[in-house]
file protein_32.pdb (PDB, N, CA and C atoms)
MODEL        1
ATOM      1  N   MET A   1       0.845  -1.166   0.000
ATOM      2  CA  MET A   1       0.000   0.000   0.000
ATOM      3  C   MET A   1       0.894   1.234   0.000
ATOM      4  N   HIS A   2       0.713   2.057  -0.981
ATOM      5  CA  HIS A   2       1.609   3.179  -1.168
ATOM      6  C   HIS A   2       1.332   4.320  -0.206
ATOM      7  N   ASN A   3       0.098   4.610   0.051
ATOM      8  CA  ASN A   3      -0.258   5.723   0.908
ATOM      9  C   ASN A   3      -1.117   5.192   2.063
ATOM     10  N   PRO A   4      -0.506   5.004   3.258
ATOM     11  CA  PRO A   4      -1.272   4.400   4.354
ATOM     12  C   PRO A   4      -2.454   5.241   4.813
ATOM     13  N   GLY A   5      -2.359   6.570   4.747
ATOM     14  CA  GLY A   5      -3.477   7.418   5.152
ATOM     15  C   GLY A   5      -4.671   7.256   4.238
ATOM     16  N   LYS A   6      -4.404   7.177   2.944
ATOM     17  CA  LYS A   6      -5.483   7.001   1.975
ATOM     18  C   LYS A   6      -6.092   5.607   2.108
ATOM     19  N   ALA A   7      -5.249   4.614   2.315
ATOM     20  CA  ALA A   7      -5.747   3.249   2.460
ATOM     21  C   ALA A   7      -6.616   3.112   3.703
ATOM     22  N   LYS A   8      -6.188   3.731   4.797
ATOM     23  CA  LYS A   8      -6.962   3.658   6.034
ATOM     24  C   LYS A   8      -8.329   4.307   5.851
ATOM     25  N   LYS A   9      -8.360   5.440   5.158
ATOM     26  CA  LYS A   9      -9.623   6.145   4.925
ATOM     27  C   LYS A   9     -10.551   5.303   4.055
ATOM     28  N   ILE A  10     -10.012   4.669   3.031
ATOM     29  CA  ILE A  10     -10.831   3.859   2.132
ATOM     30  C   ILE A  10     -11.359   2.629   2.859
ATOM     31  N   LEU A  11     -10.507   1.977   3.641
ATOM     32  CA  LEU A  11     -10.932   0.762   4.342
ATOM     33  C   LEU A  11     -11.964   1.071   5.423
ATOM     34  N   LEU A  12     -11.773   2.149   6.155
ATOM     35  CA  LEU A  12     -12.752   2.513   7.181
ATOM     36  C   LEU A  12     -14.081   2.951   6.562
ATOM     37  N   SER A  13     -14.016   3.662   5.455
ATOM     38  CA  SER A  13     -15.271   4.047   4.800
ATOM     39  C   SER A  13     -15.994   2.826   4.247
ATOM     40  N   GLY A  14     -15.264   1.842   3.771
ATOM     41  CA  GLY A  14     -15.892   0.596   3.323
ATOM     42  C   GLY A  14     -16.569  -0.134   4.467
ATOM     43  N   ALA A  15     -15.924  -0.135   5.631
ATOM     44  CA  ALA A  15     -16.518  -0.778   6.798
ATOM     45  C   ALA A  15     -17.777  -0.046   7.257
ATOM     46  N   VAL A  16     -17.739   1.271   7.245
ATOM     47  CA  VAL A  16     -18.908   2.052   7.669
ATOM     48  C   VAL A  16     -20.069   1.845   6.698
ATOM     49  N   VAL A  17     -19.787   1.896   5.411
ATOM     50  CA  VAL A  17     -20.840   1.695   4.411
ATOM     51  C   VAL A  17     -21.410   0.279   4.512
ATOM     52  N   GLY A  18     -20.546  -0.715   4.705
ATOM     53  CA  GLY A  18     -21.023  -2.090   4.857
ATOM     54  C   GLY A  18     -21.898  -2.261   6.085
ATOM     55  N   GLY A  19     -21.524  -1.629   7.189
ATOM     56  CA  GLY A  19     -22.335  -1.708   8.400
ATOM     57  C   GLY A  19     -23.680  -1.044   8.246
ATOM     58  N   ILE A  20     -23.692   0.124   7.603
ATOM     59  CA  ILE A  20     -24.955   0.844   7.398
ATOM     60  C   ILE A  20     -25.879   0.062   6.463
ATOM     61  N   ILE A  21     -25.326  -0.480   5.406
ATOM     62  CA  ILE A  21     -26.143  -1.264   4.466
ATOM     63  C   ILE A  21     -26.699  -2.507   5.156
ATOM     64  N   SER A  22     -25.875  -3.181   5.938
ATOM     65  CA  SER A  22     -26.328  -4.367   6.658
ATOM     66  C   SER A  22     -27.443  -4.031   7.646
ATOM     67  N   LEU A  23     -27.295  -2.943   8.381
ATOM     68  CA  LEU A  23     -28.319  -2.531   9.334
ATOM     69  C   LEU A  23     -29.609  -2.149   8.616
ATOM     70  N   ALA A  24     -29.496  -1.420   7.518
ATOM     71  CA  ALA A  24     -30.686  -1.010   6.775
ATOM     72  C   ALA A  24     -31.426  -2.212   6.202
ATOM     73  N   ILE A  25     -30.696  -3.158   5.643
ATOM     74  CA  ILE A  25     -31.335  -4.345   5.069
ATOM     75  C   ILE A  25     -32.002  -5.168   6.169
ATOM     76  N   SER A  26     -31.352  -5.300   7.311
ATOM     77  CA  SER A  26     -31.933  -6.072   8.417
ATOM     78  C   SER A  26     -33.230  -5.445   8.906
ATOM     79  N   LEU A  27     -33.230  -4.144   9.092
ATOM     80  CA  LEU A  27     -34.439  -3.474   9.571
ATOM     81  C   LEU A  27     -35.549  -3.483   8.523
ATOM     82  N   LEU A  28     -35.184  -3.297   7.253
ATOM     83  CA  LEU A  28     -36.199  -3.321   6.203
ATOM     84  C   LEU A  28     -36.813  -4.711   6.034
ATOM     85  N   MET A  29     -36.003  -5.744   6.139
ATOM     86  CA  MET A  29     -36.550  -7.099   6.063
ATOM     87  C   MET A  29     -37.482  -7.376   7.232
ATOM     88  N   ASP A  30     -37.137  -6.861   8.404
ATOM     89  CA  ASP A  30     -37.979  -7.073   9.570
ATOM     90  C   ASP A  30     -39.330  -6.390   9.411
ATOM     91  N   THR A  31     -39.327  -5.185   8.860
ATOM     92  CA  THR A  31     -40.598  -4.462   8.716
ATOM     93  C   THR A  31     -41.403  -4.936   7.500
ATOM     94  N   MET A  32     -40.735  -5.250   6.408
ATOM     95  CA  MET A  32     -41.459  -5.624   5.193
ATOM     96  C   MET A  32     -42.010  -7.046   5.244
ATOM     97  N   TYR A  33     -41.246  -7.976   5.792
ATOM     98  CA  TYR A  33     -41.641  -9.378   5.762
ATOM     99  C   TYR A  33     -42.123  -9.891   7.115
ATOM    100  N   GLY A  34     -42.372  -9.005   8.050
ATOM    101  CA  GLY A  34     -42.824  -9.427   9.372
ATOM    102  C   GLY A  34     -44.161 -10.139   9.340
ATOM    103  N   ASP A  35     -45.071  -9.687   8.491
ATOM    104  CA  ASP A  35     -46.395 -10.305   8.422
ATOM    105  C   ASP A  35     -46.367 -11.648   7.702
ATOM    106  N   SER A  36     -45.563 -11.759   6.674
ATOM    107  CA  SER A  36     -45.537 -13.009   5.912
ATOM    108  C   SER A  36     -44.800 -14.128   6.654
ATOM    109  N   PHE A  37     -43.929 -13.791   7.590
ATOM    110  CA  PHE A  37     -43.214 -14.802   8.374
ATOM    111  C   PHE A  37     -43.848 -15.023   9.745
ATOM    112  N   GLN A  38     -45.086 -14.621   9.943
ATOM    113  CA  GLN A  38     -45.826 -14.757  11.200
ATOM    114  C   GLN A  38     -45.130 -14.059  12.362
ATOM    115  N   GLY A  39     -44.630 -12.883  12.145
ATOM    116  CA  GLY A  39     -44.070 -12.094  13.235
ATOM    117  C   GLY A  39     -42.718 -11.513  12.909
ATOM    118  N   THR A  40     -42.327 -10.558  13.737
ATOM    119  CA  THR A  40     -41.045  -9.877  13.553
ATOM    120  C   THR A  40     -39.969 -10.577  14.374
ATOM    121  N   TRP A  41     -38.783 -10.021  14.344
ATOM    122  CA  TRP A  41     -37.684 -10.583  15.129
ATOM    123  C   TRP A  41     -37.958 -10.455  16.620
ATOM    124  N   ARG A  42     -38.624  -9.387  17.008
ATOM    125  CA  ARG A  42     -38.963  -9.232  18.433
ATOM    126  C   ARG A  42     -39.908 -10.340  18.882
ATOM    127  N   ASP A  43     -40.858 -10.703  18.033
ATOM    128  CA  ASP A  43     -41.761 -11.809  18.366
ATOM    129  C   ASP A  43     -40.997 -13.126  18.480
ATOM    130  N   ALA A  44     -40.057 -13.337  17.587
ATOM    131  CA  ALA A  44     -39.266 -14.568  17.626
ATOM    132  C   ALA A  44     -38.379 -14.614  18.871
ATOM    133  N   ILE A  45     -37.780 -13.490  19.237
ATOM    134  CA  ILE A  45     -36.946 -13.440  20.438
ATOM    135  C   ILE A  45     -37.789 -13.699  21.678
ATOM    136  N   ALA A  46     -38.973 -13.097  21.743
ATOM    137  CA  ALA A  46     -39.860 -13.311  22.895
ATOM    138  C   ALA A  46     -40.285 -14.769  22.976
ATOM    139  N   LYS A  47     -40.609 -15.374  21.842
ATOM    140  CA  LYS A  47     -41.014 -16.780  21.847
ATOM    141  C   LYS A  47     -39.860 -17.676  22.292
ATOM    142  N   ASP A  48     -38.642 -17.396  21.816
ATOM    143  CA  ASP A  48     -37.488 -18.199  22.224
ATOM    144  C   ASP A  48     -37.190 -18.052  23.709
ATOM    145  N   LEU A  49     -37.292 -16.833  24.225
ATOM    146  CA  LEU A  49     -37.066 -16.634  25.655
ATOM    147  C   LEU A  49     -38.118 -17.342  26.490
ATOM    148  N   ASN A  50     -39.351 -17.326  26.022
ATOM    149  CA  ASN A  50     -40.419 -18.015  26.740
ATOM    150  C   ASN A  50     -40.264 -19.531  26.665
ATOM    151  N   THR A  51     -39.797 -20.027  25.515
ATOM    152  CA  THR A  51     -39.634 -21.469  25.350
ATOM    153  C   THR A  51     -38.449 -21.999  26.145
ATOM    154  N   PHE A  52     -37.300 -21.332  26.032
ATOM    155  CA  PHE A  52     -36.087 -21.869  26.648
ATOM    156  C   PHE A  52     -35.963 -21.542  28.129
ATOM    157  N   PHE A  53     -36.393 -20.361  28.529
ATOM    158  CA  PHE A  53     -36.179 -19.929  29.913
ATOM    159  C   PHE A  53     -37.467 -19.725  30.708
ATOM    160  N   SER A  54     -38.617 -19.885  30.076
ATOM    161  CA  SER A  54     -39.926 -19.714  30.725
ATOM    162  C   SER A  54     -40.031 -18.373  31.447
ATOM    163  N   LEU A  55     -39.667 -17.289  30.747
ATOM    164  CA  LEU A  55     -39.657 -15.964  31.360
ATOM    165  C   LEU A  55     -41.001 -15.261  31.287
ATOM    166  N   GLY A  56     -41.825 -15.581  30.325
ATOM    167  CA  GLY A  56     -43.114 -14.922  30.187
ATOM    168  C   GLY A  56     -43.010 -13.486  29.712
ATOM    169  N   VAL A  57     -42.105 -13.212  28.792
ATOM    170  CA  VAL A  57     -41.930 -11.851  28.273
ATOM    171  C   VAL A  57     -42.771 -11.660  27.024
ATOM    172  N   THR A  58     -43.087 -10.409  26.738
ATOM    173  CA  THR A  58     -43.804 -10.065  25.508
ATOM    174  C   THR A  58     -42.826  -9.467  24.503
ATOM    175  N   ALA A  59     -43.320  -9.223  23.314
ATOM    176  CA  ALA A  59     -42.466  -8.661  22.260
ATOM    177  C   ALA A  59     -42.072  -7.218  22.552
ATOM    178  N   LYS A  60     -42.789  -6.547  23.437
ATOM    179  CA  LYS A  60     -42.477  -5.151  23.771
ATOM    180  C   LYS A  60     -41.692  -5.037  25.077
ATOM    181  N   SER A  61     -41.185  -6.134  25.577
ATOM    182  CA  SER A  61     -40.429  -6.138  26.827
ATOM    183  C   SER A  61     -39.056  -5.493  26.636
ATOM    184  N   ILE A  62     -38.511  -4.965  27.717
ATOM    185  CA  ILE A  62     -37.191  -4.328  27.658
ATOM    186  C   ILE A  62     -36.111  -5.356  27.349
ATOM    187  N   LEU A  63     -36.218  -6.542  27.918
ATOM    188  CA  LEU A  63     -35.241  -7.600  27.667
ATOM    189  C   LEU A  63     -35.239  -7.998  26.199
ATOM    190  N   VAL A  64     -36.386  -8.081  25.600
ATOM    191  CA  VAL A  64     -36.489  -8.418  24.183
ATOM    192  C   VAL A  64     -35.861  -7.313  23.332
ATOM    193  N   ASN A  65     -36.103  -6.059  23.691
ATOM    194  CA  ASN A  65     -35.509  -4.949  22.943
ATOM    195  C   ASN A  65     -33.991  -4.924  23.076
ATOM    196  N   VAL A  66     -33.478  -5.249  24.263
ATOM    197  CA  VAL A  66     -32.025  -5.290  24.457
ATOM    198  C   VAL A  66     -31.411  -6.393  23.604
ATOM    199  N   LEU A  67     -32.027  -7.562  23.591
ATOM    200  CA  LEU A  67     -31.511  -8.649  22.758
ATOM    201  C   LEU A  67     -31.646  -8.344  21.272
ATOM    202  N   PHE A  68     -32.716  -7.633  20.903
ATOM    203  CA  PHE A  68     -32.893  -7.228  19.507
ATOM    204  C   PHE A  68     -31.774  -6.278  19.080
ATOM    205  N   VAL A  69     -31.440  -5.331  19.922
ATOM    206  CA  VAL A  69     -30.346  -4.400  19.620
ATOM    207  C   VAL A  69     -29.012  -5.153  19.558
ATOM    208  N   PHE A  70     -28.839  -6.138  20.421
ATOM    209  CA  PHE A  70     -27.614  -6.950  20.395
ATOM    210  C   PHE A  70     -27.497  -7.717  19.079
ATOM    211  N   VAL A  71     -28.587  -8.319  18.630
ATOM    212  CA  VAL A  71     -28.575  -9.060  17.362
ATOM    213  C   VAL A  71     -28.310  -8.109  16.197
ATOM    214  N   LEU A  72     -28.939  -6.933  16.227
ATOM    215  CA  LEU A  72     -28.668  -5.955  15.168
ATOM    216  C   LEU A  72     -27.218  -5.491  15.192
ATOM    217  N   GLY A  73     -26.642  -5.383  16.382
ATOM    218  CA  GLY A  73     -25.233  -5.029  16.494
ATOM    219  C   GLY A  73     -24.324  -6.084  15.881
ATOM    220  N   LEU A  74     -24.660  -7.358  16.125
ATOM    221  CA  LEU A  74     -23.876  -8.433  15.508
ATOM    222  C   LEU A  74     -23.990  -8.407  13.985
ATOM    223  N   LEU A  75     -25.193  -8.197  13.486
ATOM    224  CA  LEU A  75     -25.374  -8.126  12.033
ATOM    225  C   LEU A  75     -24.659  -6.922  11.426
ATOM    226  N   THR A  76     -24.675  -5.808  12.138
ATOM    227  CA  THR A  76     -23.977  -4.611  11.660
ATOM    228  C   THR A  76     -22.468  -4.832  11.664
ATOM    229  N   ALA A  77     -21.957  -5.487  12.706
ATOM    230  CA  ALA A  77     -20.513  -5.773  12.766
ATOM    231  C   ALA A  77     -20.095  -6.714  11.645
ATOM    232  N   PHE A  78     -20.915  -7.703  11.363
ATOM    233  CA  PHE A  78     -20.601  -8.625  10.278
ATOM    234  C   PHE A  78     -20.632  -7.899   8.931
ATOM    235  N   GLY A  79     -21.614  -7.028   8.727
ATOM    236  CA  GLY A  79     -21.680  -6.238   7.498
ATOM    237  C   GLY A  79     -20.504  -5.289   7.370
ATOM    238  N   ALA A  80     -20.068  -4.714   8.497
ATOM    239  CA  ALA A  80     -18.899  -3.833   8.467
ATOM    240  C   ALA A  80     -17.641  -4.619   8.106
ATOM    241  N   PHE A  81     -17.530  -5.834   8.620
ATOM    242  CA  PHE A  81     -16.384  -6.677   8.282
ATOM    243  C   PHE A  81     -16.376  -7.006   6.794
ATOM    244  N   LEU A  82     -17.540  -7.364   6.261
ATOM    245  CA  LEU A  82     -17.608  -7.661   4.828
ATOM    246  C   LEU A  82     -17.339  -6.423   3.978
ATOM    247  N   GLY A  83     -17.806  -5.264   4.426
ATOM    248  CA  GLY A  83     -17.509  -4.021   3.714
ATOM    249  C   GLY A  83     -16.023  -3.699   3.740
ATOM    250  N   PHE A  84     -15.373  -3.970   4.870
ATOM    251  CA  PHE A  84     -13.924  -3.772   4.992
ATOM    252  C   PHE A  84     -13.177  -4.666   4.012
ATOM    253  N   ILE A  85     -13.557  -5.943   3.973
ATOM    254  CA  ILE A  85     -12.901  -6.890   3.065
ATOM    255  C   ILE A  85     -13.123  -6.477   1.607
ATOM    256  N   PHE A  86     -14.353  -6.091   1.274
ATOM    257  CA  PHE A  86     -14.655  -5.682  -0.098
ATOM    258  C   PHE A  86     -13.866  -4.446  -0.491
ATOM    259  N   SER A  87     -13.789  -3.463   0.404
ATOM    260  CA  SER A  87     -13.034  -2.255   0.069
ATOM    261  C   SER A  87     -11.529  -2.542  -0.002
ATOM    262  N   PHE A  88     -11.055  -3.511   0.772
ATOM    263  CA  PHE A  88      -9.652  -3.908   0.682
ATOM    264  C   PHE A  88      -9.344  -4.485  -0.693
ATOM    265  N   PHE A  89     -10.220  -5.378  -1.170
ATOM    266  CA  PHE A  89     -10.006  -5.954  -2.497
ATOM    267  C   PHE A  89     -10.089  -4.895  -3.588
ATOM    268  N   LEU A  90     -11.024  -3.972  -3.467
ATOM    269  CA  LEU A  90     -11.105  -2.894  -4.455
ATOM    270  C   LEU A  90      -9.858  -2.016  -4.430
ATOM    271  N   TYR A  91      -9.374  -1.693  -3.224
ATOM    272  CA  TYR A  91      -8.178  -0.854  -3.111
ATOM    273  C   TYR A  91      -6.968  -1.566  -3.718
ATOM    274  N   LYS A  92      -6.805  -2.848  -3.409
ATOM    275  CA  LYS A  92      -5.662  -3.581  -3.968
ATOM    276  C   LYS A  92      -5.771  -3.694  -5.493
ATOM    277  N   PHE A  93      -6.972  -3.928  -5.994
ATOM    278  CA  PHE A  93      -7.152  -4.044  -7.433
ATOM    279  C   PHE A  93      -6.788  -2.760  -8.143
ATOM    280  N   PHE A  94      -7.297  -1.635  -7.652
ATOM    281  CA  PHE A  94      -7.000  -0.372  -8.306
ATOM    282  C   PHE A  94      -5.561   0.095  -8.068
ATOM    283  N   SER A  95      -4.959  -0.331  -6.959
ATOM    284  CA  SER A  95      -3.551   0.020  -6.768
ATOM    285  C   SER A  95      -2.653  -0.795  -7.705
ATOM    286  N   PHE A  96      -3.055  -2.026  -8.039
ATOM    287  CA  PHE A  96      -2.301  -2.791  -9.033
ATOM    288  C   PHE A  96      -2.434  -2.177 -10.405
ATOM    289  N   LEU A  97      -3.574  -1.604 -10.721
ATOM    290  CA  LEU A  97      -3.768  -0.988 -12.027
ATOM    291  C   LEU A  97      -2.951   0.309 -12.166
ATOM    292  N   THR A  98      -2.731   1.013 -11.078
ATOM    293  CA  THR A  98      -2.035   2.290 -11.176
ATOM    294  C   THR A  98      -0.519   2.189 -10.958
ATOM    295  N   THR A  99      -0.004   0.999 -10.573
ATOM    296  CA  THR A  99       1.445   0.866 -10.399
ATOM    297  C   THR A  99       2.107   0.754 -11.772
ATOM    298  N   LYS A 100       3.363   1.212 -11.813
ATOM    299  CA  LYS A 100       4.082   1.200 -13.098
ATOM    300  C   LYS A 100       5.010   0.026 -13.185
TER     301      LYS A 100
ENDMDL
END
call {"tool": "encode", "arguments": {"input": "protein_32.pdb", "output": "structure tokens"}}
result
Amino acid sequence: MHNPGKAKKILLSGAVVGGIISLAISLLMDTMYGDSFQGTWRDAIAKDLNTFFSLGVTAKSILVNVLFVFVLGLLTAFGAFLGFIFSFFLYKFFSFLTTK
């Protein structure tokens, strides 16, 4: 990598864009397909907590919302990682094209 400052900026921007896209797709899928899949992710989390731990929580419970945010955080981190990898490959490809 010829210019570490430029590479760092490109890789971090790729990670940020990947995380934002991953978060947006996750939330849009939850809202758009919630009815066709018999419930949203919050409903599924509440059902799993009730099944495995017998907690008796609803989909609007604070515990369910905390776990929902945790799952969205994991999905966002995974999307950021994939965005980082994708921007790394793009940076290396274009740096090979511009070398003499």
call {"tool": "closest_residue", "arguments": {"input": "protein_32.pdb", "among": "A:Leu27, A:Leu12, A:Ala46, A:Leu82", "to": "Asn65 in chain A", "atoms": "only N, CA and C atoms"}}
result
A:Ala46
call {"tool": "axis_aligned_box", "arguments": {"input": "protein_32.pdb", "around": "range 6-16 of chain A", "padding_each_side": "3 Å", "output": "AutoDock Vina command-line options"}}
result
--center_x -12.2 --center_y 3.2 --center_z 4.8 --size_x 21.7 --size_y 14.0 --size_z 11.7
call {"tool": "atom_distance", "arguments": {"input": "protein_32.pdb", "atom1": "atom C of Leu63 in chain A", "atom2": "atom C of Ile45 in chain A"}}
result
7.7 Å
call {"tool": "atom_distance", "arguments": {"input": "protein_32.pdb", "atom1": "CA of Leu23 in chain A", "atom2": "CA of Thr76 in chain A"}}
result
5.3 Å
call {"tool": "select_by_dssp", "arguments": {"input": "protein_32.pdb", "residues": "range 16-100 of chain A", "states": "helix (DSSP H, G or I)", "output": "PyMOL selection string"}}
result
chain A and resi 16-32+41-53+62-98
call {"tool": "residues_around", "arguments": {"input": "protein_32.pdb", "residues": "Ala77 in chain A", "least_positions_apart": "6", "cutoff": "8 Å", "atoms": "only N, CA and C atoms", "output": "list in words"}}
result
Gly18, Gly19, Ile20, Ser22, Leu23, Val71 and Gly83 of chain A
call {"tool": "atom_distance", "arguments": {"input": "protein_32.pdb", "atom1": "atom N of Phe89 in chain A", "atom2": "CA of Leu11 in chain A"}}
result
8.3 Å
call {"tool": "closest_residue", "arguments": {"input": "protein_32.pdb", "among": "A:Trp41, A:Lys47, A:Leu97, A:Lys8", "to": "Phe68 in chain A", "atoms": "all atoms listed in the file"}}
result
A:Trp41
call {"tool": "closest_residue", "arguments": {"input": "protein_32.pdb", "among": "A:Tyr91, A:Phe70, A:Phe53, A:Tyr33", "to": "Ala7 in chain A", "atoms": "only N, CA and C atoms"}}
result
A:Tyr91
